[in-house]
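Asks: Mind looking over this structure? Questions follow.
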Amino acid sequence: MKHFRKSILFAIACMLISLSVHAQMSDEQVIQYVKEAHAAGKNQEEMGRELLSRGVTRAQMERIKQRYEASQNSNQVVTGNSNTERRARASSSSSFEAPIPELVSDSSSIFGTKAIPKSAIFGHNVFTNPALTFEPNENMATPANYRLGPGDEVIIDVWGTNETTIRQEITPEGNIMVSQIGPIYLSGMTIEEASRKISQTLSSKYAGISGDESQISVTLGKIRSIQVNVMGEVSVPGTYRLSSFSSVFHALYRAGGITEIGSLRNINVIRNGKKIKDIDIYDYLLHGNTSDDIRLQEGDVIIVPPYSILVNIEGNVKRPMYYEMKKDEHLDNLIKYAGDFSGDAYSDEVRLIRRTGTEKQIFSITNDQFSTWKLEDGDFISVGAILDRYANRVEIRGAVYRPGMYELGGGLTTVKDLIKRAEGLTGDAFTGRVILTRELEDLTHEMIAIDLAGILKGSVPDIPLRREDVLVIPSIHELQAQGAFTINGEVTRPGVYPYAENTTLEDLIVQAGGLLDGASTVRVDISRRLKDPKSLEATTRLSETFTFSLKDGFVVDGTPGFVLYPYDMVEVRRSPGYQEQRRVNIGGEVVFAGGYTLQQKNERLSDLVKRAGGLTPSAYVRGGRLIRQMNEEEIAQRDAAIAMARMSAGSDSVSLAKLNVSDTYVVGIELDKALANPSSYHDIVLREGDRLYIPGQISTVKISGEVQFPNTVAYIAGKGVSHYIDQAGGYSRLAKKSRAYIVYMNGTVSRVKRLRNAKIEPGCQIIVPSKKERRPISLAEVLSIGTSAASLGTMAATLYNIFK
């Protein structure tokens, strides 16, 4: 039984590890996996285990199935006219249609076709932009060509000799009912036509209307809604109820926009069985022409056919993407649609790739053919860039006042002209041999040596320049290595200084700011690199060294006025007789607390206490502690440990929380033994920055960590650890008793190996660490994991049947 439980726990642990190392798959990744797994012949159980190991849950599988099934029932809808209904339709559409494009994309890639995304076709996003709804403004004045129909409210105002207001809604029969007159037929009339008819009819009741005594005004109140059909290549074809002010663009927006294969150039509006308009959306997008956006009427049908010609233009145009073309349009129209050529385009010729049915063909079309070249569906046009070179550039570098690039031609045709344009040579120019780099026809380069001095004097013919010539005039300093000086040690500004001829040792020391207080005037070393260009044998020597003594900054022992060579290195030594003061501090229960300057290198704890006048009667000597400042070596070791901890990974890495990142640390001392035995190993040697603190008498013990009630209690001589643990309520459930330890006031630490032998002193702290809590895995969790794998396998098989 025990072996069986271990096997179960091991299997569960492996499954949990697998779950932890896989990120959860997206819905599209799950669908793709199911297809591939079924094609590979995997059964339901294998698919279930694999999906579970990748973080897929049963809820996610159910969600994928429901979203797909819901999307199949919502391809055609009849929407309302209110904003609430439109928002509800958009919300539901976004919730169930999201997986569909991915599924289409997956299936198309399987069958060897690839759908063009809508965002890559010019204009296809205009009817899916939420900020561009084309929604009609119902608060504007009634258009002159608006025709009344059933559902419109007519407002008739009469004023003058006779005054009255009549509000009537046109009935389905096309009439309004006026009291004492009867029905007046208005359907199909404009507001102007309806006003004349109503005036004629009302003149029988109101005598003054026919003359100037009374006037009549007919306006439109509440407008009706109309029902139109949007068919063809739109996202959601169907019947829509819209405002009677609505136009074709608004209807296309309400239908979710045009699909990837829908046309933007040939949208048909059918009214009473006849085509009344061919709409070209490009006229609106490119020229702002809204004349095609005609107002719809009851029963209108909008048909979006597939495109006829779709071409792709890429390269150096301002708007590279797919464009729909008409049959009578040419290449120059496409270039205009793409925003014309970009600034770096090669506009003299473009390349066109065309599919002929059996293979591809490439055409090179020159700019004189742009206006006559007709495009076909699937054409690919590539616009190249201009060459990355200059037609009239020359360049001059080196020892001239204005180096750089210049225009070849006009008054600049020769080497002498170029130097003149660069404002002449600098004083350090070397004119005996100047290099002209020239590019040949095969794009290789040749180097031409020029006697520039002869050209400037007129004794040598001037040289004509060509495109891309580069003239380099060297400096005399570049022809000879001029190594810098280096000075280190006890000077104000150690570092590297530029070479100058006849620089002496004294000169370099002055440039470096002079000597510091600690500088040795009897030992200044100069090291010089060995140079023997005519040598034929190797040597074991690495450098040549000179030593000097100084007085008042001048050489007194050695060669006075010693001239430095390039690359010489000067080292000003520190005087062994120079010592800076080193300070320490003592505080607490001593007679004269404060800072002290060390008198000897090996001064110890007992010496410092003695210099401070000794201890006071209330001093607790066992609690004395030493706080030490880190030196440069210790800081470097600490930083290296922190860097190692940050680069390490895993459970065995060093915890940053356990590293002491302070510049000080406590040195564990036993001051009572140091004072009793001066100069013994207990009597530690002090160093700069040390702080010795001797506390007063203390009579408490602190208990912390995994105890029932962390506490501070009175110290009782002779009592052991168990007494103080009891004073804190005993150990807690997570206490790790074997790792308990004691921290004493003097900075030393001792483990509590045995409770009876542990030594307790006043002021110490007993710390009990904790152990990690382990949570057992319940039988219900074991059964749940097994059931989930089986359920996911069944659901995977169901999804495959849906999407295959």
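Chain labels follow the order of the structure tokens: the first chain is A, the next B, and so on; residue numbering restarts at 1 in every chain, and ligands are counted from 1 in their shown order.
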For the strand (DSSP E) assignment from backbone DSSP, which residues of region 121-253 of chain A qualify? Please present them as a ChimeraX atom specification.

Replies: /A:153-160,164-169,175-178,182-185,214-220,225-232,238-243

Asks: Rounded to one decimal place, report the CA of Gln297 (chain A)-CA of Ile281 (chain A) distance in Å.

Replies: 20.0 Å

Asks: Can you tell me which residues surround Ile309 (chain A) at a distance of at most 9 Å, considering only C-alpha atoms, apart from same-chain residues fewer than 2 positions away, and format the answer as a list in words?

Replies: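 Surrounding residues, per the criterion: Tyr307, Val311, Tyr323, Glu324, Met325, Lys326, Lys327, Leu375, Glu376, Asp377, Gly378 and Asp379 of chain A.
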
Asks: DSSP on the backbone, alpha helix (DSSP H) only: what residues of region 607-647 of chain A does that give? Format it as a list in words.

Replies: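 Checking each residue of region 607-647 of chain A, the alpha helix (DSSP H) ones are Asp607, Leu608, Val609, Lys610, Arg611, Glu632, Glu633, Glu634, Ile635, Ala636, Gln637, Arg638, Asp639, Ala640, Ala641, Ile642, Ala643, Met644, Ala645, Arg646 and Met647 of chain A.
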
Asks: If I take CA of Ala519 (chain A) and CA of Pro560 (chain A), how far is one from the other in Å, to one decimal?

Replies: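 Distance reported for this atom pair: 19.2 Å.
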
Asks: Taking into account only C-alpha atoms, which residue in the set A:Val570, A:Asp507, A:Tyr253, A:Val178 is nearest to Arg528 (chain A)?

Replies: A:Val570

Asks: Considering only C-alpha atoms, return as a count of residues only whatever protein or nucleic-acid residues lie within 9 Å of Ser704 (chain A), sequence-local ones (same chain, fewer than 4 positions apart) excluded.

Replies: 10

Asks: Met745 (chain A): which residues within 9 Å, counting only C-alpha atoms, same-chain residues fewer than 5 positions away excluded, as a ChimeraX atom specification?

Replies: /A:622-625,668,695,761-765

Asks: What does the file look like for those residues with all heavy atoms, as a PDB file, in the first residue's frame?

Replies:
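Result file follows (part.pdb):
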```
ATOM      1  N   ARG A 622      31.283  41.723  29.019  1.00  0.00           N
ATOM      2  CA  ARG A 622      30.979  40.616  28.104  1.00  0.00           C
ATOM      3  C   ARG A 622      30.158  41.082  26.890  1.00  0.00           C
ATOM      4  O   ARG A 622      30.169  40.441  25.859  1.00  0.00           O
ATOM      5  CB  ARG A 622      30.194  39.533  28.838  1.00  0.00           C
ATOM      6  CG  ARG A 622      31.032  38.682  29.772  1.00  0.00           C
ATOM      7  CD  ARG A 622      31.884  37.699  28.996  1.00  0.00           C
ATOM      8  NE  ARG A 622      31.083  36.760  28.205  1.00  0.00           N
ATOM      9  CZ  ARG A 622      31.592  35.947  27.304  1.00  0.00           C
ATOM     10  NH1 ARG A 622      32.895  35.980  27.049  1.00  0.00           N
ATOM     11  NH2 ARG A 622      30.817  35.124  26.630  1.00  0.00           N
ATOM     12  N   GLY A 623      29.448  42.180  27.034  1.00  0.00           N
ATOM     13  CA  GLY A 623      28.631  42.663  25.926  1.00  0.00           C
ATOM     14  C   GLY A 623      29.345  43.610  24.993  1.00  0.00           C
ATOM     15  O   GLY A 623      28.728  44.125  24.046  1.00  0.00           O
ATOM     16  N   GLY A 624      30.602  43.897  25.184  1.00  0.00           N
ATOM     17  CA  GLY A 624      31.330  44.797  24.310  1.00  0.00           C
ATOM     18  C   GLY A 624      31.400  44.263  22.879  1.00  0.00           C
ATOM     19  O   GLY A 624      31.660  43.069  22.667  1.00  0.00           O
ATOM     20  N   ARG A 625      31.166  45.134  21.921  1.00  0.00           N
ATOM     21  CA  ARG A 625      31.179  44.706  20.510  1.00  0.00           C
ATOM     22  C   ARG A 625      31.969  45.710  19.681  1.00  0.00           C
ATOM     23  O   ARG A 625      32.033  46.896  20.008  1.00  0.00           O
ATOM     24  CB  ARG A 625      29.776  44.528  19.962  1.00  0.00           C
ATOM     25  CG  ARG A 625      28.915  45.776  19.966  1.00  0.00           C
ATOM     26  CD  ARG A 625      27.530  45.468  19.393  1.00  0.00           C
ATOM     27  NE  ARG A 625      26.639  46.608  19.455  1.00  0.00           N
ATOM     28  CZ  ARG A 625      25.877  46.927  20.485  1.00  0.00           C
ATOM     29  NH1 ARG A 625      25.914  46.176  21.590  1.00  0.00           N
ATOM     30  NH2 ARG A 625      25.076  47.983  20.448  1.00  0.00           N
ATOM     31  N   GLY A 668      32.907  39.676  16.085  1.00  0.00           N
ATOM     32  CA  GLY A 668      32.673  39.002  17.357  1.00  0.00           C
ATOM     33  C   GLY A 668      33.921  39.030  18.234  1.00  0.00           C
ATOM     34  O   GLY A 668      34.982  38.521  17.841  1.00  0.00           O
ATOM     35  N   PRO A 695      28.485  48.325  26.425  1.00  0.00           N
ATOM     36  CA  PRO A 695      27.181  48.684  27.002  1.00  0.00           C
ATOM     37  C   PRO A 695      27.211  48.637  28.520  1.00  0.00           C
ATOM     38  O   PRO A 695      28.153  48.120  29.132  1.00  0.00           O
ATOM     39  CB  PRO A 695      26.252  47.620  26.421  1.00  0.00           C
ATOM     40  CG  PRO A 695      27.134  46.428  26.252  1.00  0.00           C
ATOM     41  CD  PRO A 695      28.492  46.958  25.886  1.00  0.00           C
ATOM     42  N   GLU A 761      23.473  34.273  28.404  1.00  0.00           N
ATOM     43  CA  GLU A 761      24.076  35.435  29.029  1.00  0.00           C
ATOM     44  C   GLU A 761      23.102  36.610  28.960  1.00  0.00           C
ATOM     45  O   GLU A 761      22.200  36.625  28.112  1.00  0.00           O
ATOM     46  CB  GLU A 761      25.386  35.818  28.325  1.00  0.00           C
ATOM     47  CG  GLU A 761      26.484  34.784  28.454  1.00  0.00           C
ATOM     48  CD  GLU A 761      27.751  35.208  27.756  1.00  0.00           C
ATOM     49  OE1 GLU A 761      27.725  36.304  27.141  1.00  0.00           O
ATOM     50  OE2 GLU A 761      28.755  34.476  27.804  1.00  0.00           O
ATOM     51  N   PRO A 762      23.275  37.598  29.840  1.00  0.00           N
ATOM     52  CA  PRO A 762      22.410  38.782  29.785  1.00  0.00           C
ATOM     53  C   PRO A 762      22.524  39.477  28.419  1.00  0.00           C
ATOM     54  O   PRO A 762      23.618  39.616  27.876  1.00  0.00           O
ATOM     55  CB  PRO A 762      22.932  39.662  30.916  1.00  0.00           C
ATOM     56  CG  PRO A 762      23.630  38.727  31.845  1.00  0.00           C
ATOM     57  CD  PRO A 762      24.198  37.638  31.009  1.00  0.00           C
ATOM     58  N   GLY A 763      21.366  39.911  27.878  1.00  0.00           N
ATOM     59  CA  GLY A 763      21.352  40.645  26.630  1.00  0.00           C
ATOM     60  C   GLY A 763      21.366  39.790  25.377  1.00  0.00           C
ATOM     61  O   GLY A 763      21.288  40.320  24.274  1.00  0.00           O
ATOM     62  N   CYS A 764      21.455  38.475  25.500  1.00  0.00           N
ATOM     63  CA  CYS A 764      21.496  37.625  24.310  1.00  0.00           C
ATOM     64  C   CYS A 764      20.097  37.452  23.727  1.00  0.00           C
ATOM     65  O   CYS A 764      19.091  37.795  24.362  1.00  0.00           O
ATOM     66  CB  CYS A 764      22.140  36.285  24.622  1.00  0.00           C
ATOM     67  SG  CYS A 764      21.132  35.232  25.685  1.00  0.00           S
ATOM     68  N   GLN A 765      20.049  36.881  22.538  1.00  0.00           N
ATOM     69  CA  GLN A 765      18.780  36.649  21.841  1.00  0.00           C
ATOM     70  C   GLN A 765      18.732  35.212  21.359  1.00  0.00           C
ATOM     71  O   GLN A 765      19.649  34.735  20.689  1.00  0.00           O
ATOM     72  CB  GLN A 765      18.632  37.602  20.652  1.00  0.00           C
ATOM     73  CG  GLN A 765      17.327  37.434  19.883  1.00  0.00           C
ATOM     74  CD  GLN A 765      17.201  38.411  18.728  1.00  0.00           C
ATOM     75  OE1 GLN A 765      18.126  39.165  18.466  1.00  0.00           O
ATOM     76  NE2 GLN A 765      16.074  38.402  18.055  1.00  0.00           N
TER      77      GLN A 765
END
```

Asks: Leaving out Ser187 (chain A) and any residue of its chain fewer than 6 positions from it, which residues lie within 7 Å of it when counting only C-alpha atoms, given as a ChimeraX atom specification?

Replies: /A:148-150,174-175
